[in-house]
>>> print(open('entry22.cif').read())   # mmCIF, C-alpha atoms
data_query
loop_
_atom_site.group_PDB
_atom_site.id
_atom_site.type_symbol
_atom_site.label_atom_id
_atom_site.label_comp_id
_atom_site.auth_asym_id
_atom_site.auth_seq_id
_atom_site.Cartn_x
_atom_site.Cartn_y
_atom_site.Cartn_z
ATOM 1 C CA MET A 252 -22.616 39.048 48.156
ATOM 2 C CA ALA A 253 -19.739 38.500 50.554
ATOM 3 C CA ASP A 254 -20.356 38.107 54.288
ATOM 4 C CA MET A 255 -21.102 41.393 56.068
ATOM 5 C CA ALA A 256 -21.610 43.308 52.846
ATOM 6 C CA THR A 257 -22.512 46.986 53.222
ATOM 7 C CA HIS A 258 -25.600 48.245 51.412
ATOM 8 C CA VAL A 259 -26.580 51.894 50.948
ATOM 9 C CA ILE A 260 -30.371 52.041 50.567
ATOM 10 C CA THR A 261 -32.730 54.899 49.723
ATOM 11 C CA GLY A 262 -36.437 54.533 50.441
ATOM 12 C CA ALA A 263 -35.995 52.122 53.381
ATOM 13 C CA GLY A 264 -38.851 53.707 55.310
ATOM 14 C CA SER A 265 -41.713 51.961 53.507
ATOM 15 C CA GLY A 266 -42.789 49.637 50.711
ATOM 16 C CA ILE A 267 -40.135 47.879 48.648
ATOM 17 C CA GLY A 268 -37.258 49.689 50.359
ATOM 18 C CA ALA A 269 -38.366 48.605 53.824
ATOM 19 C CA ALA A 270 -38.813 45.008 52.647
ATOM 20 C CA VAL A 271 -35.286 44.938 51.174
ATOM 21 C CA ALA A 272 -33.786 46.548 54.289
ATOM 22 C CA ARG A 273 -35.511 43.999 56.551
ATOM 23 C CA ARG A 274 -34.222 41.127 54.438
ATOM 24 C CA LEU A 275 -30.610 42.328 54.427
ATOM 25 C CA HIS A 276 -30.692 43.374 58.088
ATOM 26 C CA ALA A 277 -32.019 39.970 59.140
ATOM 27 C CA ARG A 278 -29.100 38.171 57.516
ATOM 28 C CA GLY A 279 -26.555 40.368 59.272
ATOM 29 C CA ASP A 280 -25.417 42.663 56.469
ATOM 30 C CA GLU A 281 -24.378 46.243 57.238
ATOM 31 C CA LEU A 282 -26.925 48.909 56.277
ATOM 32 C CA VAL A 283 -26.440 52.590 55.511
ATOM 33 C CA LEU A 284 -29.963 53.983 55.305
ATOM 34 C CA TYR A 285 -30.595 57.196 53.423
ATOM 35 C CA ALA A 286 -32.945 59.697 55.071
ATOM 36 C CA ARG A 287 -34.241 63.073 53.967
ATOM 37 C CA ASP A 288 -33.683 64.701 57.372
ATOM 38 C CA ALA A 289 -32.348 64.031 60.868
ATOM 39 C CA GLY A 290 -35.767 63.111 62.264
ATOM 40 C CA ARG A 291 -36.301 60.468 59.607
ATOM 41 C CA ALA A 292 -32.755 59.184 60.163
ATOM 42 C CA LYS A 293 -33.525 58.692 63.867
ATOM 43 C CA GLU A 294 -36.676 56.708 63.006
ATOM 44 C CA LEU A 295 -34.792 54.455 60.586
ATOM 45 C CA ALA A 296 -31.966 53.854 63.072
ATOM 46 C CA ALA A 297 -34.529 52.764 65.671
ATOM 47 C CA GLN A 298 -36.252 50.501 63.148
ATOM 48 C CA PHE A 299 -32.991 48.814 62.102
ATOM 49 C CA PRO A 300 -30.682 48.501 65.136
ATOM 50 C CA GLY A 301 -27.036 48.819 64.197
ATOM 51 C CA ALA A 302 -27.720 50.535 60.892
ATOM 52 C CA ARG A 303 -25.971 53.772 60.022
ATOM 53 C CA THR A 304 -27.731 56.677 58.342
ATOM 54 C CA LEU A 305 -26.898 59.216 55.651
ATOM 55 C CA VAL A 306 -28.950 62.408 55.450
ATOM 56 C CA GLY A 307 -29.755 64.504 52.392
ATOM 57 C CA ASP A 308 -32.841 65.770 50.590
ATOM 58 C CA LEU A 309 -33.268 63.966 47.261
ATOM 59 C CA ALA A 310 -35.633 66.755 46.209
ATOM 60 C CA ASP A 311 -32.664 69.162 46.236
ATOM 61 C CA PRO A 312 -29.860 67.270 44.473
ATOM 62 C CA GLU A 313 -27.729 70.386 44.015
ATOM 63 C CA ARG A 314 -27.244 70.526 47.790
ATOM 64 C CA LEU A 315 -26.267 66.887 48.277
ATOM 65 C CA SER A 316 -22.541 67.655 47.944
ATOM 66 C CA TRP A 317 -22.902 70.183 50.746
ATOM 67 C CA ALA A 318 -24.877 67.709 52.893
ATOM 68 C CA PHE A 319 -22.277 64.985 52.407
ATOM 69 C CA SER A 320 -19.417 67.343 53.230
ATOM 70 C CA HIS A 321 -20.855 67.568 56.763
ATOM 71 C CA GLN A 322 -21.111 63.780 57.189
ATOM 72 C CA SER A 323 -18.924 60.744 56.670
ATOM 73 C CA LEU A 324 -19.769 58.732 53.576
ATOM 74 C CA PRO A 325 -19.308 55.008 54.210
ATOM 75 C CA ASP A 326 -15.767 53.749 53.562
ATOM 76 C CA GLN A 327 -17.259 50.597 52.056
ATOM 77 C CA ALA A 328 -20.244 50.182 49.753
ATOM 78 C CA ASP A 329 -20.926 46.781 48.213
ATOM 79 C CA SER A 330 -24.246 47.922 46.822
ATOM 80 C CA LEU A 331 -26.208 51.102 46.239
ATOM 81 C CA LEU A 332 -29.941 50.487 46.082
ATOM 82 C CA HIS A 333 -31.985 53.350 44.629
ATOM 83 C CA ILE A 334 -35.511 52.576 45.838
ATOM 84 C CA ALA A 335 -36.912 55.976 46.911
ATOM 85 C CA GLY A 336 -39.244 57.716 44.492
ATOM 86 C CA VAL A 337 -42.144 60.131 44.168
ATOM 87 C CA VAL A 338 -45.138 60.188 41.859
ATOM 88 C CA ASP A 339 -47.574 62.929 40.846
ATOM 89 C CA LEU A 340 -50.009 62.171 38.066
ATOM 90 C CA GLY A 341 -51.697 64.610 35.717
ATOM 91 C CA PRO A 342 -52.182 65.404 32.040
ATOM 92 C CA VAL A 343 -49.492 67.307 30.169
ATOM 93 C CA GLY A 344 -51.940 70.179 29.784
ATOM 94 C CA GLU A 345 -52.067 70.676 33.561
ATOM 95 C CA LEU A 346 -48.657 69.661 34.984
ATOM 96 C CA THR A 347 -46.576 72.632 36.139
ATOM 97 C CA PRO A 348 -42.779 72.950 35.887
ATOM 98 C CA LYS A 349 -42.623 72.556 39.689
ATOM 99 C CA THR A 350 -44.291 69.132 39.449
ATOM 100 C CA TRP A 351 -42.017 68.097 36.595
ATOM 101 C CA ARG A 352 -38.885 69.235 38.380
ATOM 102 C CA HIS A 353 -39.778 67.561 41.673
ATOM 103 C CA GLN A 354 -40.195 64.147 40.039
ATOM 104 C CA LEU A 355 -37.132 64.546 37.830
ATOM 105 C CA ASP A 356 -35.004 65.666 40.793
ATOM 106 C CA VAL A 357 -36.033 62.879 43.182
ATOM 107 C CA ASN A 358 -36.373 60.050 40.672
ATOM 108 C CA LEU A 359 -33.470 60.816 38.317
ATOM 109 C CA VAL A 360 -31.046 63.621 39.177
ATOM 110 C CA ALA A 361 -30.606 62.651 42.837
ATOM 111 C CA PRO A 362 -29.858 58.979 42.031
ATOM 112 C CA ALA A 363 -27.236 60.167 39.520
ATOM 113 C CA GLU A 364 -25.684 62.478 42.124
ATOM 114 C CA LEU A 365 -25.717 59.852 44.883
ATOM 115 C CA THR A 366 -24.134 57.356 42.498
ATOM 116 C CA ARG A 367 -21.433 59.872 41.596
ATOM 117 C CA HIS A 368 -20.474 60.315 45.232
ATOM 118 C CA LEU A 369 -20.325 56.589 45.986
ATOM 119 C CA LEU A 370 -18.678 55.352 42.785
ATOM 120 C CA PRO A 371 -15.165 55.215 44.306
ATOM 121 C CA GLN A 372 -16.374 52.831 47.018
ATOM 122 C CA LEU A 373 -18.397 50.779 44.528
ATOM 123 C CA ARG A 374 -15.395 50.433 42.221
ATOM 124 C CA MET A 375 -13.209 49.355 45.120
ATOM 125 C CA SER A 376 -15.660 46.624 46.155
ATOM 126 C CA ARG A 377 -16.638 45.678 42.583
ATOM 127 C CA GLY A 378 -20.080 46.437 43.851
ATOM 128 C CA HIS A 379 -23.607 46.598 42.507
ATOM 129 C CA VAL A 380 -25.959 49.498 41.725
ATOM 130 C CA ILE A 381 -29.640 48.606 41.594
ATOM 131 C CA PHE A 382 -32.212 51.081 40.290
ATOM 132 C CA VAL A 383 -35.790 50.266 41.226
ATOM 133 C CA ASN A 384 -37.487 51.688 38.180
ATOM 134 C CA SER A 385 -41.140 51.095 37.230
ATOM 135 C CA GLY A 386 -43.292 49.678 34.494
ATOM 136 C CA ALA A 387 -43.661 53.386 33.635
ATOM 137 C CA GLY A 388 -39.957 53.382 32.771
ATOM 138 C CA LEU A 389 -40.791 51.187 29.778
ATOM 139 C CA ASN A 390 -44.240 52.453 28.742
ATOM 140 C CA ALA A 391 -45.899 55.814 29.331
ATOM 141 C CA HIS A 392 -49.668 56.100 29.620
ATOM 142 C CA ALA A 393 -52.081 59.021 29.824
ATOM 143 C CA GLY A 394 -51.561 61.050 32.985
ATOM 144 C CA TRP A 395 -48.119 59.590 33.665
ATOM 145 C CA SER A 396 -45.890 61.837 31.528
ATOM 146 C CA ALA A 397 -43.686 63.435 34.216
ATOM 147 C CA TYR A 398 -43.258 60.293 36.310
ATOM 148 C CA ALA A 399 -42.657 58.129 33.244
ATOM 149 C CA ALA A 400 -40.157 60.644 31.868
ATOM 150 C CA SER A 401 -38.189 60.470 35.120
ATOM 151 C CA LYS A 402 -38.232 56.680 34.997
ATOM 152 C CA HIS A 403 -37.336 56.485 31.284
ATOM 153 C CA GLY A 404 -34.425 58.739 32.202
ATOM 154 C CA LEU A 405 -33.499 56.408 35.055
ATOM 155 C CA LYS A 406 -33.276 53.541 32.569
ATOM 156 C CA ALA A 407 -30.902 55.627 30.437
ATOM 157 C CA LEU A 408 -28.806 56.444 33.508
ATOM 158 C CA ALA A 409 -28.560 52.763 34.425
ATOM 159 C CA ASP A 410 -27.724 51.665 30.875
ATOM 160 C CA SER A 411 -24.983 54.284 30.515
ATOM 161 C CA LEU A 412 -23.551 53.516 33.953
ATOM 162 C CA ARG A 413 -23.455 49.801 33.124
ATOM 163 C CA HIS A 414 -21.374 50.433 30.002
ATOM 164 C CA GLU A 415 -19.101 52.900 31.777
ATOM 165 C CA GLU A 416 -18.395 50.783 34.848
ATOM 166 C CA HIS A 417 -18.354 47.258 33.420
ATOM 167 C CA GLY A 418 -14.581 47.353 33.161
ATOM 168 C CA ASN A 419 -14.388 48.323 36.840
ATOM 169 C CA GLY A 420 -16.405 45.279 37.843
ATOM 170 C CA VAL A 421 -19.454 47.284 38.931
ATOM 171 C CA ARG A 422 -22.728 45.529 38.148
ATOM 172 C CA VAL A 423 -25.839 47.579 37.295
ATOM 173 C CA THR A 424 -29.411 46.280 37.412
ATOM 174 C CA SER A 425 -32.739 47.948 36.641
ATOM 175 C CA VAL A 426 -35.839 46.404 38.209
ATOM 176 C CA TYR A 427 -39.206 47.340 36.699
ATOM 177 C CA PRO A 428 -41.992 46.421 39.138
ATOM 178 C CA GLY A 429 -45.604 46.630 38.111
ATOM 179 C CA ARG A 430 -48.119 47.973 40.600
ATOM 180 C CA THR A 431 -46.928 47.076 44.098
ATOM 181 C CA ALA A 432 -48.930 47.286 47.329
ATOM 182 C CA SER A 433 -47.302 50.292 49.014
ATOM 183 C CA PRO A 434 -48.074 53.811 50.270
ATOM 184 C CA MET A 435 -47.085 55.114 46.824
ATOM 185 C CA GLN A 436 -49.651 52.859 45.197
ATOM 186 C CA ALA A 437 -52.333 54.086 47.594
ATOM 187 C CA LYS A 438 -51.492 57.654 46.508
ATOM 188 C CA VAL A 439 -51.647 56.679 42.819
ATOM 189 C CA HIS A 440 -55.106 55.160 43.275
ATOM 190 C CA SER A 441 -56.255 58.288 45.093
ATOM 191 C CA GLN A 442 -54.996 60.464 42.236
ATOM 192 C CA GLU A 443 -56.700 58.173 39.744
ATOM 193 C CA GLY A 444 -59.937 58.311 41.745
ATOM 194 C CA LYS A 445 -59.975 54.528 42.162
ATOM 195 C CA GLU A 446 -60.558 52.242 45.144
ATOM 196 C CA TYR A 447 -57.300 50.740 46.431
ATOM 197 C CA TYR A 448 -57.199 46.991 47.064
ATOM 198 C CA PRO A 449 -53.655 46.010 48.120
ATOM 199 C CA ALA A 450 -54.307 42.292 47.605
ATOM 200 C CA ARG A 451 -54.624 42.876 43.851
ATOM 201 C CA TRP A 452 -51.044 44.034 43.523
ATOM 202 C CA ILE A 453 -47.519 42.705 44.051
ATOM 203 C CA ASP A 454 -46.398 42.285 47.665
ATOM 204 C CA PRO A 455 -43.282 44.419 48.324
ATOM 205 C CA GLU A 456 -41.667 41.249 49.721
ATOM 206 C CA SER A 457 -41.872 39.674 46.273
ATOM 207 C CA VAL A 458 -40.050 42.590 44.673
ATOM 208 C CA ALA A 459 -37.507 42.436 47.516
ATOM 209 C CA THR A 460 -36.877 38.798 46.592
ATOM 210 C CA THR A 461 -35.999 39.787 43.020
ATOM 211 C CA ILE A 462 -33.627 42.521 44.250
ATOM 212 C CA VAL A 463 -31.821 40.226 46.684
ATOM 213 C CA THR A 464 -31.598 37.574 43.950
ATOM 214 C CA ALA A 465 -29.841 40.074 41.674
ATOM 215 C CA LEU A 466 -27.477 41.048 44.512
ATOM 216 C CA ASP A 467 -26.610 37.438 45.322
ATOM 217 C CA LEU A 468 -26.047 36.300 41.751
ATOM 218 C CA PRO A 469 -22.575 34.755 41.312
ATOM 219 C CA ARG A 470 -19.950 37.096 39.904
ATOM 220 C CA ASP A 471 -19.884 35.410 36.492
ATOM 221 C CA ALA A 472 -23.317 36.855 35.678
ATOM 222 C CA GLU A 473 -25.250 40.111 35.894
ATOM 223 C CA ILE A 474 -28.976 40.753 35.662
ATOM 224 C CA ASN A 475 -29.312 43.879 33.525
ATOM 225 C CA ASP A 476 -33.088 44.346 33.406
ATOM 226 C CA LEU A 477 -35.760 42.570 35.414
ATOM 227 C CA THR A 478 -39.476 43.165 34.864
ATOM 228 C CA VAL A 479 -41.839 42.069 37.650
ATOM 229 C CA ARG A 480 -45.555 42.034 36.953
ATOM 230 C CA PRO A 481 -48.568 41.288 39.193
ATOM 231 C CA GLY A 482 -49.170 37.540 39.220
ATOM 232 C CA ARG A 483 -52.876 37.665 39.939
#
>>> encode(input="entry22.cif", output="structure tokens")
Amino acid sequence: MADMATHVITGAGSGIGAAVARRLHARGDELVLYARDAGRAKELAAQFPGARTLVGDLADPERLSWAFSHQSLPDQADSLLHIAGVVDLGPVGELTPKTWRHQLDVNLVAPAELTRHLLPQLRMSRGHVIFVNSGAGLNAHAGWSAYAASKHGLKALADSLRHEEHGNGVRVTSVYPGRTASPMQAKVHSQEGKEYYPARWIDPESVATTIVTALDLPRDAEINDLTVRPGR
């Protein structure tokens, strides 16, 4: 990326998102950190001095246009990093429409809507959209139907966007991490009724390295899909 690139990041409060934000902040890039409410925005701004914030509830994508109309979207966006996500496990026979909709809204519809709003800036900068997907975006297992459906959909969104925006110079990458040591993973283990041992899983810093590598790749190449699995 060019010097002083501007990155819009969702999910910067913990896990992979926080690791990516720390990495980009440390090298002096400009950050626009996405927060679900004003309180969270204040916390992120304190955590990353100099960063700007953008507020909107990913769980209510139909209201994002309204939220953005009361704020200033960044004039420049060299990358849009979709890292926020939610997970709720359960068998198809027990999952309610509310649980389905929540995961589809946060993990799929909101990234599409946020991308729509920032596409003019991304086209102008010949920027990069990175979707942090999941191993569940490639294979669905018992108990994972709603989450996996949202992530399979996210792969389709990324693939379509890549074809649509290639001529505009916008690069699109999907990253599929395996189990990563994060608050989300702790929740998954709790829902699975399993003991959680963070050392068994990928360090968020390692996934951050793959994301920054994709961002920094010279312009003559584009990483389309990147699968990252636990190495131990």
>>> closest_atom_pairs(input="entry22.cif", of="stretch 331-392 of chain A", to="stretch 400-407 of chain A", cutoff="8 Å", atoms="only C-alpha atoms", output="Markdown table")
| residue | atom | partner | partner_atom | distance |
| --- | --- | --- | --- | --- |
| A:Gln354 | CA | A:Ser401 | CA | 6.5 |
| A:Leu355 | CA | A:Ser401 | CA | 5.0 |
| A:Asn358 | CA | A:Ser401 | CA | 5.9 |
| A:Leu359 | CA | A:Leu405 | CA | 5.5 |
| A:Phe382 | CA | A:Leu405 | CA | 7.6 |
| A:Asn384 | CA | A:Lys402 | CA | 6.0 |
| A:Ser385 | CA | A:Lys402 | CA | 6.7 |
| A:Ala387 | CA | A:Lys402 | CA | 6.5 |
| A:Gly388 | CA | A:His403 | CA | 4.3 |
| A:Leu389 | CA | A:His403 | CA | 6.5 |
| A:Ala391 | CA | A:Ala400 | CA | 7.9 |
>>> closest_residue(input="entry22.cif", among="A:Gly301, A:Gly268, A:Pro312, A:Gly378", to="A:His353", atoms="all atoms listed in the file")
A:Pro312
>>> closest_residue(input="entry22.cif", among="A:Phe299, A:Thr461, A:Leu324, A:Ser396", to="A:Thr347", atoms="only C-alpha atoms")
A:Ser396
>>> closest_residue(input="entry22.cif", among="A:Ala277, A:Ala363, A:Leu305, A:Val383", to="A:Gly290", atoms="all atoms listed in the file")
A:Leu305
>>> atom_distance(input="entry22.cif", atom1="atom CA of A:Asp454", atom2="atom CA of A:His379")
23.8 Å
>>> closest_residue(input="entry22.cif", among="A:Thr350, A:Ser425, A:Ser376, A:Gln298", to="A:Asp329", atoms="all atoms listed in the file")
A:Ser376
>>> axis_aligned_box(input="entry22.cif", around="stretch 368-374 of chain A", padding_each_side="6 Å", output="AutoDock Vina command-line options")
--center_x -17.8 --center_y 55.4 --center_z 44.6 --size_x 17.3 --size_y 21.9 --size_z 16.8
>>> resolve_selection(input="entry22.cif", expression="the PyMOL selection byres ((chain A and resi 342-346) around 10)", output="list in words")
Asp339, Leu340, Gly341, Thr347, Pro348, Lys349, Thr350, Trp351, His392, Ala393, Gly394, Trp395, Ser396 and Ala397 of chain A
>>> atom_distance(input="entry22.cif", atom1="atom CA of A:Glu443", atom2="atom CA of A:Ala399")
15.5 Å
>>> closest_residue(input="entry22.cif", among="A:Pro300, A:Val259, A:Gly420, A:Ile381", to="A:Leu369", atoms="all atoms listed in the file")
A:Val259
>>> residues_around(input="entry22.cif", residues="A:Leu412", least_positions_apart="2", cutoff="10 Å", atoms="all atoms listed in the file", output="MDAnalysis selection string")
chainID A and resid 363 366 380 406:410 414:417 421:424
>>> residues_around(input="entry22.cif", residues="A:Ala328", least_positions_apart="4", cutoff="6 Å", atoms="only C-alpha atoms", output="MDAnalysis selection string")
chainID A and resid 257:258 372:373
>>> atom_distance(input="entry22.cif", atom1="atom CA of A:Gly262", atom2="atom CA of A:Thr460")
16.2 Å
>>> closest_residue(input="entry22.cif", among="A:Ile260, A:Ile474, A:Leu295, A:Ile267", to="A:Leu282", atoms="only C-alpha atoms")
A:Ile260
>>> resolve_selection(input="entry22.cif", expression="the PyMOL selection byres ((chain A and resi 478) around 7)", output="VMD selection string")
chain A and resid 426 to 428 476 to 477 479 to 480
>>> residues_around(input="entry22.cif", residues="A:Ala310", least_positions_apart="5", cutoff="8 Å", atoms="only C-alpha atoms", output="ChimeraX atom specification")
/A:353,356-357,361
>>> residues_around(input="entry22.cif", residues="A:Thr304", least_positions_apart="4", cutoff="10 Å", atoms="all atoms listed in the file", output="tab-separated table (two decimals) with C-alpha atoms, in the coordinates of the input")
chain	number	residue	atom	x	y	z
A	259	VAL	CA	-26.58	51.89	50.95
A	260	ILE	CA	-30.37	52.04	50.57
A	282	LEU	CA	-26.92	48.91	56.28
A	283	VAL	CA	-26.44	52.59	55.51
A	284	LEU	CA	-29.96	53.98	55.30
A	285	TYR	CA	-30.60	57.20	53.42
A	286	ALA	CA	-32.94	59.70	55.07
A	289	ALA	CA	-32.35	64.03	60.87
A	291	ARG	CA	-36.30	60.47	59.61
A	292	ALA	CA	-32.76	59.18	60.16
A	293	LYS	CA	-33.52	58.69	63.87
A	295	LEU	CA	-34.79	54.46	60.59
A	296	ALA	CA	-31.97	53.85	63.07
A	322	GLN	CA	-21.11	63.78	57.19
A	323	SER	CA	-18.92	60.74	56.67
A	324	LEU	CA	-19.77	58.73	53.58
A	325	PRO	CA	-19.31	55.01	54.21
>>> resolve_selection(input="entry22.cif", expression="the PyMOL selection byres ((chain A and resi 365) around 10)", output="number ranges by chain")
A: 261, 307, 309, 312, 315-316, 319, 331, 333, 360-364, 366-370
